[in-house]
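J.: This is the content of target_22.cif (mmCIF, N, CA and C atoms):
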data_my_file
#
loop_
_atom_site.group_PDB
_atom_site.id
_atom_site.type_symbol
_atom_site.label_atom_id
_atom_site.label_comp_id
_atom_site.auth_asym_id
_atom_site.auth_seq_id
_atom_site.Cartn_x
_atom_site.Cartn_y
_atom_site.Cartn_z
ATOM 1 N N MET M 142 60.144 98.605 100.363
ATOM 2 C CA MET M 142 61.252 99.112 101.155
ATOM 3 C C MET M 142 62.570 98.740 100.468
ATOM 4 N N GLN M 143 63.438 99.728 100.330
ATOM 5 C CA GLN M 143 64.707 99.500 99.655
ATOM 6 C C GLN M 143 65.780 99.173 100.677
ATOM 7 N N THR M 144 66.572 98.150 100.380
ATOM 8 C CA THR M 144 67.684 97.777 101.245
ATOM 9 C C THR M 144 68.972 98.280 100.611
ATOM 10 N N PRO M 145 70.080 98.340 101.374
ATOM 11 C CA PRO M 145 71.341 98.788 100.778
ATOM 12 C C PRO M 145 71.761 97.957 99.565
ATOM 13 N N GLY M 146 71.440 96.676 99.560
ATOM 14 C CA GLY M 146 71.772 95.832 98.420
ATOM 15 C C GLY M 146 71.022 96.224 97.157
ATOM 16 N N ASP M 147 69.805 96.783 97.331
ATOM 17 C CA ASP M 147 69.020 97.201 96.178
ATOM 18 C C ASP M 147 69.655 98.388 95.463
ATOM 19 N N ALA M 148 70.378 99.212 96.194
ATOM 20 C CA ALA M 148 70.977 100.410 95.611
ATOM 21 C C ALA M 148 72.266 100.101 94.853
ATOM 22 N N SER M 149 72.788 98.900 94.983
ATOM 23 C CA SER M 149 74.044 98.532 94.339
ATOM 24 C C SER M 149 73.867 98.463 92.826
ATOM 25 N N PRO M 150 74.826 99.013 92.066
ATOM 26 C CA PRO M 150 74.729 98.920 90.611
ATOM 27 C C PRO M 150 75.021 97.510 90.094
ATOM 28 N N PHE M 151 75.623 96.647 90.931
ATOM 29 C CA PHE M 151 75.932 95.280 90.525
ATOM 30 C C PHE M 151 74.664 94.444 90.489
ATOM 31 N N LYS M 152 74.443 93.810 89.372
ATOM 32 C CA LYS M 152 73.323 92.889 89.232
ATOM 33 C C LYS M 152 73.899 91.483 89.120
ATOM 34 N N PRO M 153 73.493 90.566 89.995
ATOM 35 C CA PRO M 153 74.079 89.227 90.003
ATOM 36 C C PRO M 153 74.025 88.516 88.661
ATOM 37 N N ASP M 154 73.008 88.777 87.857
ATOM 38 C CA ASP M 154 72.867 88.082 86.584
ATOM 39 C C ASP M 154 73.676 88.728 85.466
ATOM 40 N N ALA M 155 74.298 89.870 85.703
ATOM 41 C CA ALA M 155 75.029 90.568 84.652
ATOM 42 C C ALA M 155 76.175 89.714 84.118
ATOM 43 N N VAL M 156 76.859 89.019 84.983
ATOM 44 C CA VAL M 156 77.971 88.164 84.538
ATOM 45 C C VAL M 156 77.430 86.989 83.725
ATOM 46 N N ALA M 157 76.322 86.433 84.135
ATOM 47 C CA ALA M 157 75.744 85.295 83.415
ATOM 48 C C ALA M 157 75.222 85.707 82.041
ATOM 49 N N ARG M 158 74.726 86.935 81.922
ATOM 50 C CA ARG M 158 74.185 87.402 80.639
ATOM 51 C C ARG M 158 75.280 87.894 79.685
ATOM 52 N N MET M 159 76.481 88.073 80.172
ATOM 53 C CA MET M 159 77.577 88.572 79.342
ATOM 54 C C MET M 159 77.908 87.539 78.262
ATOM 55 N N PRO M 160 78.044 87.975 77.009
ATOM 56 C CA PRO M 160 78.431 87.020 75.956
ATOM 57 C C PRO M 160 79.762 86.350 76.289
ATOM 58 N N GLU M 161 79.886 85.096 75.889
ATOM 59 C CA GLU M 161 81.079 84.319 76.229
ATOM 60 C C GLU M 161 82.361 84.990 75.734
ATOM 61 N N ALA M 162 82.339 85.526 74.529
ATOM 62 C CA ALA M 162 83.539 86.174 73.982
ATOM 63 C C ALA M 162 83.951 87.382 74.822
ATOM 64 N N VAL M 163 82.971 88.130 75.313
ATOM 65 C CA VAL M 163 83.265 89.296 76.151
ATOM 66 C C VAL M 163 83.822 88.845 77.493
ATOM 67 N N PHE M 164 83.242 87.799 78.068
ATOM 68 C CA PHE M 164 83.737 87.276 79.343
ATOM 69 C C PHE M 164 85.199 86.840 79.201
ATOM 70 N N ILE M 165 85.505 86.119 78.134
ATOM 71 C CA ILE M 165 86.879 85.643 77.917
ATOM 72 C C ILE M 165 87.824 86.820 77.711
ATOM 73 N N GLU M 166 87.379 87.819 76.962
ATOM 74 C CA GLU M 166 88.211 89.011 76.740
ATOM 75 C C GLU M 166 88.507 89.730 78.060
ATOM 76 N N ARG M 167 87.493 89.875 78.886
ATOM 77 C CA ARG M 167 87.696 90.572 80.161
ATOM 78 C C ARG M 167 88.516 89.727 81.128
ATOM 79 N N TRP M 168 88.347 88.415 81.090
ATOM 80 C CA TRP M 168 89.171 87.511 81.903
ATOM 81 C C TRP M 168 90.634 87.690 81.515
ATOM 82 N N ARG M 169 90.870 87.755 80.206
ATOM 83 C CA ARG M 169 92.233 87.920 79.699
ATOM 84 C C ARG M 169 92.814 89.266 80.150
ATOM 85 N N LEU M 170 91.997 90.309 80.207
ATOM 86 C CA LEU M 170 92.464 91.605 80.694
ATOM 87 C C LEU M 170 92.899 91.525 82.161
ATOM 88 N N LEU M 171 92.179 90.735 82.954
ATOM 89 C CA LEU M 171 92.502 90.596 84.378
ATOM 90 C C LEU M 171 93.723 89.714 84.619
ATOM 91 N N THR M 172 93.814 88.616 83.870
ATOM 92 C CA THR M 172 94.830 87.613 84.169
ATOM 93 C C THR M 172 95.992 87.578 83.189
ATOM 94 N N GLY M 173 95.811 88.155 82.004
ATOM 95 C CA GLY M 173 96.850 88.116 80.993
ATOM 96 C C GLY M 173 96.782 86.895 80.101
ATOM 97 N N GLU M 174 95.824 86.017 80.356
ATOM 98 C CA GLU M 174 95.664 84.813 79.538
ATOM 99 C C GLU M 174 94.210 84.386 79.549
ATOM 100 N N PRO M 175 93.795 83.623 78.540
ATOM 101 C CA PRO M 175 92.407 83.157 78.533
ATOM 102 C C PRO M 175 92.204 82.100 79.615
ATOM 103 N N PRO M 176 90.964 81.880 80.026
ATOM 104 C CA PRO M 176 90.733 80.831 81.028
ATOM 105 C C PRO M 176 91.087 79.458 80.464
ATOM 106 N N ALA M 177 91.661 78.615 81.318
ATOM 107 C CA ALA M 177 92.032 77.266 80.883
ATOM 108 C C ALA M 177 90.785 76.436 80.575
ATOM 109 N N ILE M 178 89.755 76.611 81.388
ATOM 110 C CA ILE M 178 88.474 75.942 81.166
ATOM 111 C C ILE M 178 87.362 76.927 81.489
ATOM 112 N N LEU M 179 86.199 76.688 80.946
ATOM 113 C CA LEU M 179 85.030 77.490 81.283
ATOM 114 C C LEU M 179 84.116 76.642 82.152
ATOM 115 N N LEU M 180 83.913 77.080 83.378
ATOM 116 C CA LEU M 180 82.991 76.380 84.263
ATOM 117 C C LEU M 180 81.564 76.772 83.898
ATOM 118 N N CYS M 181 80.602 76.026 84.376
ATOM 119 C CA CYS M 181 79.202 76.347 84.127
ATOM 120 C C CYS M 181 78.842 77.696 84.744
ATOM 121 N N SER M 182 79.430 77.983 85.889
ATOM 122 C CA SER M 182 79.127 79.225 86.595
ATOM 123 C C SER M 182 80.297 80.193 86.472
ATOM 124 N N ARG M 183 80.050 81.286 85.813
ATOM 125 C CA ARG M 183 81.090 82.316 85.706
ATOM 126 C C ARG M 183 81.364 82.944 87.058
ATOM 127 N N ARG M 184 80.340 83.005 87.896
ATOM 128 C CA ARG M 184 80.534 83.537 89.252
ATOM 129 C C ARG M 184 81.512 82.652 90.023
ATOM 130 N N ALA M 185 81.414 81.337 89.817
ATOM 131 C CA ALA M 185 82.347 80.417 90.470
ATOM 132 C C ALA M 185 83.760 80.637 89.940
ATOM 133 N N MET M 186 83.884 80.907 88.651
ATOM 134 C CA MET M 186 85.203 81.176 88.072
ATOM 135 C C MET M 186 85.808 82.425 88.695
ATOM 136 N N LEU M 187 85.000 83.477 88.832
ATOM 137 C CA LEU M 187 85.500 84.711 89.433
ATOM 138 C C LEU M 187 85.857 84.494 90.897
ATOM 139 N N ALA M 188 85.051 83.695 91.606
ATOM 140 C CA ALA M 188 85.352 83.399 93.005
ATOM 141 C C ALA M 188 86.685 82.657 93.124
ATOM 142 N N LEU M 189 86.929 81.694 92.238
ATOM 143 C CA LEU M 189 88.201 80.967 92.245
ATOM 144 C C LEU M 189 89.369 81.905 91.934
ATOM 145 N N LEU M 190 89.157 82.829 91.012
ATOM 146 C CA LEU M 190 90.203 83.791 90.672
ATOM 147 C C LEU M 190 90.556 84.657 91.878
ATOM 148 N N VAL M 191 89.543 85.144 92.558
ATOM 149 C CA VAL M 191 89.772 85.993 93.732
ATOM 150 C C VAL M 191 90.456 85.195 94.838
ATOM 151 N N GLU M 192 90.009 83.965 95.069
ATOM 152 C CA GLU M 192 90.600 83.137 96.114
ATOM 153 C C GLU M 192 92.062 82.795 95.824
ATOM 154 N N SER M 193 92.399 82.657 94.548
ATOM 155 C CA SER M 193 93.759 82.252 94.204
ATOM 156 C C SER M 193 94.723 83.429 94.085
ATOM 157 N N ALA M 194 94.202 84.633 94.033
ATOM 158 C CA ALA M 194 95.078 85.807 93.918
ATOM 159 C C ALA M 194 95.708 86.109 95.272
ATOM 160 N N PRO M 195 97.009 86.342 95.287
ATOM 161 C CA PRO M 195 97.656 86.674 96.567
ATOM 162 C C PRO M 195 97.198 88.037 97.063
ATOM 163 N N ALA M 196 97.148 88.158 98.365
ATOM 164 C CA ALA M 196 96.765 89.441 98.961
ATOM 165 C C ALA M 196 97.876 90.451 98.743
ATOM 166 N N ALA M 197 97.482 91.687 98.525
ATOM 167 C CA ALA M 197 98.474 92.748 98.352
ATOM 168 C C ALA M 197 99.213 92.942 99.671
ATOM 169 N N PRO M 198 100.524 93.140 99.607
ATOM 170 C CA PRO M 198 101.284 93.327 100.848
ATOM 171 C C PRO M 198 100.878 94.626 101.535
ATOM 172 N N PHE M 199 100.885 94.583 102.832
ATOM 173 C CA PHE M 199 100.546 95.766 103.617
ATOM 174 C C PHE M 199 101.799 96.604 103.775
ATOM 175 N N ALA M 200 101.718 97.831 103.333
ATOM 176 C CA ALA M 200 102.853 98.738 103.478
ATOM 177 C C ALA M 200 102.654 99.572 104.734
ATOM 178 N N PRO M 201 103.624 99.567 105.649
ATOM 179 C CA PRO M 201 103.468 100.381 106.848
ATOM 180 C C PRO M 201 103.384 101.858 106.475
ATOM 181 N N PRO M 202 102.654 102.635 107.256
ATOM 182 C CA PRO M 202 102.502 104.045 106.923
ATOM 183 C C PRO M 202 103.830 104.786 106.986
ATOM 184 N N ASP M 203 103.949 105.777 106.141
ATOM 185 C CA ASP M 203 105.142 106.623 106.111
ATOM 186 C C ASP M 203 105.066 107.571 107.301
ATOM 187 N N SER M 204 106.074 107.551 108.150
ATOM 188 C CA SER M 204 106.026 108.357 109.372
ATOM 189 C C SER M 204 105.966 109.857 109.072
ATOM 190 N N ALA M 205 106.604 110.319 107.994
ATOM 191 C CA ALA M 205 106.542 111.741 107.655
ATOM 192 C C ALA M 205 105.123 112.122 107.258
ATOM 193 N N TRP M 206 104.453 111.217 106.566
ATOM 194 C CA TRP M 206 103.073 111.489 106.161
ATOM 195 C C TRP M 206 102.165 111.523 107.391
ATOM 196 N N ASP M 207 102.358 110.570 108.311
ATOM 197 C CA ASP M 207 101.534 110.506 109.527
ATOM 198 C C ASP M 207 101.740 111.719 110.422
ATOM 199 N N ALA M 208 102.893 112.324 110.368
ATOM 200 C CA ALA M 208 103.177 113.467 111.224
ATOM 201 C C ALA M 208 102.512 114.744 110.710
ATOM 202 N N GLY M 209 101.790 114.632 109.624
ATOM 203 C CA GLY M 209 101.098 115.791 109.103
ATOM 204 C C GLY M 209 102.040 116.793 108.468
ATOM 205 N N GLY M 210 103.234 116.349 108.104
ATOM 206 C CA GLY M 210 104.182 117.217 107.433
ATOM 207 C C GLY M 210 105.000 118.064 108.368
ATOM 208 N N ARG M 211 104.796 117.900 109.685
ATOM 209 C CA ARG M 211 105.603 118.728 110.606
ATOM 210 C C ARG M 211 107.008 118.165 110.712
ATOM 211 N N ASP M 212 107.945 119.026 110.908
ATOM 212 C CA ASP M 212 109.347 118.648 111.017
ATOM 213 C C ASP M 212 109.696 118.626 112.498
ATOM 214 N N ASP M 213 109.887 117.389 113.042
ATOM 215 C CA ASP M 213 110.182 117.266 114.483
ATOM 216 C C ASP M 213 111.668 117.457 114.768
ATOM 217 N N GLY M 214 112.482 117.696 113.753
ATOM 218 C CA GLY M 214 113.920 117.766 113.940
ATOM 219 C C GLY M 214 114.443 119.119 114.167
#
Written as C-alpha coordinates, how would this file's structure read?
T.:
Amino acid sequence: MQTPGDASPFKPDAVARMPEAVFIERWRLLTGEPPAILLCSRRAMLALLVESAPAAPFAPPDSAWDAGGRDDG
(Lines of atoms letter the chains of each structure in order from A and count residues from 1; the text may use other names and numbers.)
(Lines give C-alpha, C1' and ligand atoms only; values in the text may rest on other atoms or scores of the structure.)
Protein backbone atom coordinates (compact mmCIF):
# COMPACT_ATOMS: atom_id res chain seq x y z
CA MET A 1 0.00 0.00 0.00
CA GLN A 2 1.38 3.38 -1.01
CA THR A 3 1.15 6.33 1.36
CA PRO A 4 1.34 10.01 0.34
CA GLY A 5 4.90 10.10 1.68
CA ASP A 6 5.89 7.32 -0.72
CA ALA A 7 4.90 9.44 -3.71
CA SER A 8 7.21 12.30 -2.67
CA PRO A 9 10.26 12.79 -4.90
CA PHE A 10 12.29 13.74 -1.79
CA LYS A 11 14.40 10.91 -0.48
CA PRO A 12 15.67 11.47 3.08
CA ASP A 13 19.08 9.99 2.28
CA ALA A 14 19.64 12.19 -0.79
CA VAL A 15 21.22 14.96 1.29
CA ALA A 16 23.45 12.49 3.11
CA ARG A 17 24.62 10.91 -0.16
CA MET A 18 25.42 14.28 -1.74
CA PRO A 19 29.18 14.83 -2.13
CA GLU A 20 30.55 17.31 0.40
CA ALA A 21 31.74 19.75 -2.29
CA VAL A 22 28.26 19.81 -3.86
CA PHE A 23 26.60 20.34 -0.47
CA ILE A 24 28.92 23.28 0.28
CA GLU A 25 28.32 24.75 -3.18
CA ARG A 26 24.55 24.54 -2.78
CA TRP A 27 24.75 25.92 0.78
CA ARG A 28 26.68 28.86 -0.62
CA LEU A 29 23.97 29.39 -3.27
CA LEU A 30 21.34 29.58 -0.51
CA THR A 31 23.23 31.69 2.00
CA GLY A 32 25.86 33.55 -0.01
CA GLU A 33 28.69 32.07 2.05
CA PRO A 34 30.13 28.66 2.87
CA PRO A 35 29.04 26.98 6.10
CA ALA A 36 31.09 28.04 9.12
CA ILE A 37 31.22 24.42 10.31
CA LEU A 38 30.04 21.10 8.95
CA LEU A 39 27.88 19.17 11.38
CA CYS A 40 27.70 15.39 11.24
CA SER A 41 24.11 15.65 10.04
CA ARG A 42 23.46 17.75 6.98
CA ARG A 43 19.76 17.49 7.74
CA ALA A 44 20.46 19.16 11.09
CA MET A 45 22.36 21.91 9.28
CA LEU A 46 19.42 22.52 6.95
CA ALA A 47 17.02 22.50 9.91
CA LEU A 48 19.15 25.13 11.68
CA LEU A 49 19.23 27.22 8.50
CA VAL A 50 15.45 27.11 8.17
CA GLU A 51 14.93 27.89 11.87
CA SER A 52 17.29 30.87 11.73
CA ALA A 53 15.83 32.40 8.56
CA PRO A 54 13.34 35.18 9.25
CA ALA A 55 9.80 34.61 8.08
CA ALA A 56 8.78 36.50 4.98
CA PRO A 57 6.58 39.48 5.83
CA PHE A 58 2.91 39.07 5.15
CA ALA A 59 1.70 41.55 2.58
CA PRO A 60 -1.97 42.47 2.92
CA PRO A 61 -3.98 41.75 -0.21
CA ASP A 62 -4.38 44.50 -2.77
CA SER A 63 -7.98 45.69 -2.56
CA ALA A 64 -8.19 46.32 -6.33
CA TRP A 65 -7.08 42.76 -6.97
CA ASP A 66 -9.59 41.36 -4.44
CA ALA A 67 -12.41 43.29 -6.06
CA GLY A 68 -11.96 41.25 -9.20
CA GLY A 69 -10.99 44.32 -11.20
CA ARG A 70 -14.36 46.02 -10.83
CA ASP A 71 -14.36 49.77 -10.45
CA ASP A 72 -16.55 50.71 -7.47
CA GLY A 73 -16.02 54.44 -8.08
J.: Tell me which protein, DNA and RNA residues are within 8 Å of M:Pro175, counting only C-alpha atoms, leaving out same-chain ones fewer than 3 positions away, and put them as JSON, numbers by chain.
T.: {"M": [165, 166, 168, 169, 172]}
J.: Output the selection as a PDB file, keeping the file's coordinate frame - N, CA and C atoms for each residue.
T.:
ATOM      1  N   ILE M 165      85.505  86.119  78.134  1.00  0.00           N
ATOM      2  CA  ILE M 165      86.879  85.643  77.917  1.00  0.00           C
ATOM      3  C   ILE M 165      87.824  86.820  77.711  1.00  0.00           C
ATOM      4  N   GLU M 166      87.379  87.819  76.962  1.00  0.00           N
ATOM      5  CA  GLU M 166      88.211  89.011  76.740  1.00  0.00           C
ATOM      6  C   GLU M 166      88.507  89.730  78.060  1.00  0.00           C
ATOM      7  N   TRP M 168      88.347  88.415  81.090  1.00  0.00           N
ATOM      8  CA  TRP M 168      89.171  87.511  81.903  1.00  0.00           C
ATOM      9  C   TRP M 168      90.634  87.690  81.515  1.00  0.00           C
ATOM     10  N   ARG M 169      90.870  87.755  80.206  1.00  0.00           N
ATOM     11  CA  ARG M 169      92.233  87.920  79.699  1.00  0.00           C
ATOM     12  C   ARG M 169      92.814  89.266  80.150  1.00  0.00           C
ATOM     13  N   THR M 172      93.814  88.616  83.870  1.00  0.00           N
ATOM     14  CA  THR M 172      94.830  87.613  84.169  1.00  0.00           C
ATOM     15  C   THR M 172      95.992  87.578  83.189  1.00  0.00           C
TER      16      THR M 172
END
J.: Enter the distance from atom CA of M:Leu179 to atom CA of M:Ala194, in Å, rounded to one decimal.
T.: 18.2 Å
J.: Select all residues near (78.8, 83.0, 87.1) (cut-off 8 Å, inclusive, file coordinates), counting only N, CA and C atoms, and output them as number ranges by chain.
T.: M: 153-158, 180-188
J.: When you draw a straight line from atom C of M:Ala162 to atom C of M:Ala177, how long is it in Å?
T.: 14.1 Å
J.: So what do you get for atom N of M:Phe199 versus atom N of M:Pro176, distance-wise?
T.: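 Pair atom N of M:Phe199 / atom N of M:Pro176 returns 27.9 Å.
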